[in-house]
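Data first, discussion second: the structure below is written as structure tokens.
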Amino acid sequence: MQAAITVTPEELPEVLLHVAVVRPVFLWGAPGIGKSSLVRSFADSLGLECVTLLGTQLAPEDLIGVPQIVDGRSRFAPPVSIARDTPYCLFLDELNASSPEVQKAFYSLILDRRIGEYELPAGSVVIGAGNRATDNALARPMASALVNRLVHVHLRASASDWLRWAAGAGIHGLVLDYLRNRPDHLWTAPPKTEEPFSSPRSWHMLSDALHSYGDGISDETLRVLAFGTLSASHASSFRAFVKTVRNAFGLDAILKGDAGWPAAAEDRDLLYFLAETFRARLVKELAADKASASPAARQLAHRGKALLVQLAEISLEIAQIVIATDDDGNAVLPSWFLVEVTRDLPRLVAARA
């Protein structure tokens with residue numbers, strides 16, 4: 001299921017506060033963006049215990065219970081994990097990954113808030129969550145009867161929300177500093193092959209591993225960890241970022257003229273990272289209209305053209321990355337800057353064409 005209307009992690013609690021208390025909610029989102037932790041945090045905010053049931057690990061009888069004979073009649077005894085006397089948050093994780101039989105068993109629990117003769121205590125909330133089939137995750141179609149029993153909310157990853165949370169959650173400083181510079185690397189769409197990909201969860205895992213190793217971690221170990229948790233391009237970029245931090249070698253020094261582009265073959269990953277950071281700086285600070293550009297932006301544009309010449313002398317391919325269009329062929333940098341580049345650096349533009 002896809003939706004054009006989405007909410008961020010920061011917006012979600014208020015939505016749940018007004019909706020989940022009156023109707024069951026289903027939370028859609030890509031793997032690793034924090035659906036489960038957000039639901040648990042929401043339950044904590046209400047003072048409710050969060051009881052999690054994993055749809056992929058359930059059979060119908062795990063919900064319906066087992067039959068017992070009471071006064072000569074059979075009745076189903078619901079499991080102790082569900083049958084509670086005080087209000088709680090029932091979190092049905094991976095609901096749309098469960099079998100059709102399990103999904104059917106959820107019908108009455110979701111709509112009528114009861115299983116057999118047991119009814120959820122007043123004040124309880126029911127929240128489901130699952131991944132989308134487009135995320136190459138385990139997901140089964142939900143029957144229309146089940147879809148129609150839920151209010152559907154679509155969650156998207158938000159770098160600003162995650163960074164605000166991470167600043168107080170003990171996330172490793174290198175991870176925080178990197179994502180402050182490259183917030184677009186927080187999440188990437190899951191690949192169609194079995195390989196790591198970047199997500200808030202994978203960055204958290206990398207942070208935990210970095211804390212475990214401590215400051216003395218070697219470059220090779222860092223490489224193993226980064227490529228074991230992140231998308232390959234992000235892992236390479238993160239490794240280069242750490243190298244710049246360790247060697248006090250950053251873009252600001254290059255912009256000021258205190259350092260030059262790294263030209264050694266073994267620093268090619270560092271050169272890619274610095275070029276991408278340079279591109280991001282230009283995109284952020286150059287105004288769309290030259291007339292409204294500040295003196296600082298004009299100075300950056302002038303210095304940027306000189307640096308592009310120097311970069312092209314080391315690697316024309318990497319220099320072209322700085323002025324490249326996006327995936328749809330649209331210009332990313334301001335047109336007035338590209339016009340000046342075309343005029344002053346014809347070799348670079350001709351090679352790009």
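Every chain in the structure tokens takes a letter, A first, then B, and so on in the order presented; its residues are numbered from 1, and the ligands are numbered from 1 following the presented order.
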
Open item on the list: Could you list, as a PyMOL selection string, every residue within 7 Å of stretch 85-94 of chain A, counting only C-alpha atoms and ignoring same-chain residues fewer than 2 positions away?
Closed with: chain A and resi 43+48-56+83+96-98+121-130

TODO: DSSP on the backbone, then: every residue of stretch 95-337 of chain A marked alpha helix (DSSP H), written as a count of residues only.
DONE: 129

Report as JSON lines the residues of stretch 84-106 of chain A within 10 Å of stretch 144-152 of chain A, each with its shortest atom pair and distance in Å (one decimal), using only C-alpha atoms, ordered by chain and increasing residue number.
```
{"residue": "A:Asn96", "atom": "CA", "partner": "A:Leu146", "partner_atom": "CA", "distance": 9.8}
{"residue": "A:Gln103", "atom": "CA", "partner": "A:Leu146", "partner_atom": "CA", "distance": 7.6}
{"residue": "A:Lys104", "atom": "CA", "partner": "A:Leu146", "partner_atom": "CA", "distance": 7.8}
{"residue": "A:Phe106", "atom": "CA", "partner": "A:Leu146", "partner_atom": "CA", "distance": 8.3}
```

- [ ] One decimal, Å: what's the distance from atom CA of A:Ile323 over to atom CA of A:Pro196, could you say?
- [x] 28.7 Å

Task: Nearest residue to A:Tyr213 from the set A:Lys256, A:Arg75, A:His18, A:His172 (distances using only C-alpha atoms) - done: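 Under the stated criterion, the closest residue is A:His172.
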
Open item on the list: Considering only C-alpha atoms, can you say which of A:Gln320, A:Leu230, A:Asp44, A:Gly173 comes closest to A:Val245?
Closed with: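 Using only C-alpha atoms, A:Val245 sits closest to A:Gly173.
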
Task: Residue nearest A:Leu255 - candidates A:Gly329, A:Gly304, A:Pro78, A:Pro9, atoms counted: only C-alpha atoms - done: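 Ranked by minimum distance to A:Leu255, first place goes to A:Gly304.
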
- [ ] Rank nothing, just name the residue among A:His154, A:Lys35, A:Arg246, A:Arg23 nearest to A:Pro200, using only C-alpha atoms.
- [x] A:Lys35

Open item on the list: So the first atom is atom CA of A:Ala306 and the second is atom CA of A:Ser294; what is the distance between them in Å, to one decimal place?
Closed with: 18.9 Å

Open item on the list: Please list as an MDAnalysis selection string every residue within 6 Å of A:Thr8, counting only C-alpha atoms and excluding residues in the same chain fewer than 4 positions away.
Closed with: chainID A and resid 155:156 158

- [ ] Would you list the contacts of A:Gly260 as an MDAnalysis selection string, taking every protein, DNA or RNA residue within 10 Å and counting only C-alpha atoms, but skipping same-chain residues closer than 2 positions in sequence?
- [x] chainID A and resid 249:251 253:258 262:263 307 310:311

TODO: Using backbone DSSP assignments, extract all strand (DSSP E or B) residues from stretch 126-231 of chain A; output them as an NGL selection string.
DONE: :A and (126-130 or 151-155)

Serialized selection, all heavy atoms, as an mmCIF file, in the first residue's frame:
```cif
data_model
loop_
_atom_site.group_PDB
_atom_site.id
_atom_site.type_symbol
_atom_site.label_atom_id
_atom_site.label_comp_id
_atom_site.auth_asym_id
_atom_site.auth_seq_id
_atom_site.Cartn_x
_atom_site.Cartn_y
_atom_site.Cartn_z
ATOM 1 N N VAL A 126 -5.349 -0.391 20.295
ATOM 2 C CA VAL A 126 -4.872 -1.431 19.388
ATOM 3 C C VAL A 126 -4.186 -0.760 18.201
ATOM 4 O O VAL A 126 -4.782 0.064 17.509
ATOM 5 C CB VAL A 126 -6.032 -2.324 18.887
ATOM 6 C CG1 VAL A 126 -5.489 -3.380 17.920
ATOM 7 C CG2 VAL A 126 -6.745 -2.978 20.060
ATOM 8 N N ILE A 127 -2.928 -1.117 17.995
ATOM 9 C CA ILE A 127 -2.152 -0.554 16.895
ATOM 10 C C ILE A 127 -1.466 -1.693 16.151
ATOM 11 O O ILE A 127 -0.819 -2.553 16.768
ATOM 12 C CB ILE A 127 -1.083 0.448 17.400
ATOM 13 C CG1 ILE A 127 -1.734 1.579 18.187
ATOM 14 C CG2 ILE A 127 -0.275 1.007 16.234
ATOM 15 C CD1 ILE A 127 -0.732 2.528 18.837
ATOM 16 N N GLY A 128 -1.613 -1.698 14.838
ATOM 17 C CA GLY A 128 -0.905 -2.653 13.998
ATOM 18 C C GLY A 128 0.187 -1.946 13.211
ATOM 19 O O GLY A 128 0.170 -0.722 13.061
ATOM 20 N N ALA A 129 1.130 -2.691 12.694
ATOM 21 C CA ALA A 129 2.199 -2.099 11.882
ATOM 22 C C ALA A 129 2.708 -3.140 10.907
ATOM 23 O O ALA A 129 2.608 -4.356 11.149
ATOM 24 C CB ALA A 129 3.334 -1.577 12.757
ATOM 25 N N GLY A 130 3.251 -2.650 9.798
ATOM 26 C CA GLY A 130 3.802 -3.571 8.810
ATOM 27 C C GLY A 130 4.541 -2.832 7.714
ATOM 28 O O GLY A 130 4.407 -1.616 7.553
ATOM 29 N N VAL A 151 -7.659 2.353 10.680
ATOM 30 C CA VAL A 151 -7.290 3.673 10.160
ATOM 31 C C VAL A 151 -5.824 3.583 9.741
ATOM 32 O O VAL A 151 -4.959 3.235 10.558
ATOM 33 C CB VAL A 151 -7.467 4.769 11.231
ATOM 34 C CG1 VAL A 151 -6.996 6.121 10.681
ATOM 35 C CG2 VAL A 151 -8.912 4.845 11.685
ATOM 36 N N HIS A 152 -5.538 3.887 8.487
ATOM 37 C CA HIS A 152 -4.196 3.669 7.948
ATOM 38 C C HIS A 152 -3.381 4.961 7.974
ATOM 39 O O HIS A 152 -3.798 5.995 7.446
ATOM 40 C CB HIS A 152 -4.291 3.118 6.518
ATOM 41 C CG HIS A 152 -5.006 1.803 6.460
ATOM 42 N ND1 HIS A 152 -4.341 0.604 6.525
ATOM 43 C CD2 HIS A 152 -6.334 1.499 6.379
ATOM 44 C CE1 HIS A 152 -5.214 -0.387 6.473
ATOM 45 N NE2 HIS A 152 -6.441 0.143 6.397
ATOM 46 N N VAL A 153 -2.193 4.879 8.580
ATOM 47 C CA VAL A 153 -1.277 6.019 8.692
ATOM 48 C C VAL A 153 0.065 5.588 8.091
ATOM 49 O O VAL A 153 0.580 4.516 8.413
ATOM 50 C CB VAL A 153 -1.097 6.448 10.159
ATOM 51 C CG1 VAL A 153 -0.084 7.583 10.260
ATOM 52 C CG2 VAL A 153 -2.428 6.847 10.766
ATOM 53 N N HIS A 154 0.609 6.430 7.235
ATOM 54 C CA HIS A 154 1.864 6.112 6.548
ATOM 55 C C HIS A 154 2.989 6.959 7.119
ATOM 56 O O HIS A 154 2.918 8.184 7.140
ATOM 57 C CB HIS A 154 1.719 6.356 5.041
ATOM 58 C CG HIS A 154 0.719 5.455 4.392
ATOM 59 N ND1 HIS A 154 1.075 4.379 3.610
ATOM 60 C CD2 HIS A 154 -0.638 5.449 4.437
ATOM 61 C CE1 HIS A 154 -0.012 3.758 3.188
ATOM 62 N NE2 HIS A 154 -1.068 4.395 3.677
ATOM 63 N N LEU A 155 4.024 6.279 7.589
ATOM 64 C CA LEU A 155 5.160 6.935 8.229
ATOM 65 C C LEU A 155 6.319 7.064 7.240
ATOM 66 O O LEU A 155 6.611 6.132 6.489
ATOM 67 C CB LEU A 155 5.616 6.113 9.437
ATOM 68 C CG LEU A 155 6.775 6.673 10.269
ATOM 69 C CD1 LEU A 155 6.325 7.909 11.029
ATOM 70 C CD2 LEU A 155 7.285 5.605 11.238
#
```

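For the pair atom CA of A:Ala157 and atom CA of A:Ala133, the interatomic distance is 17.2 Å.
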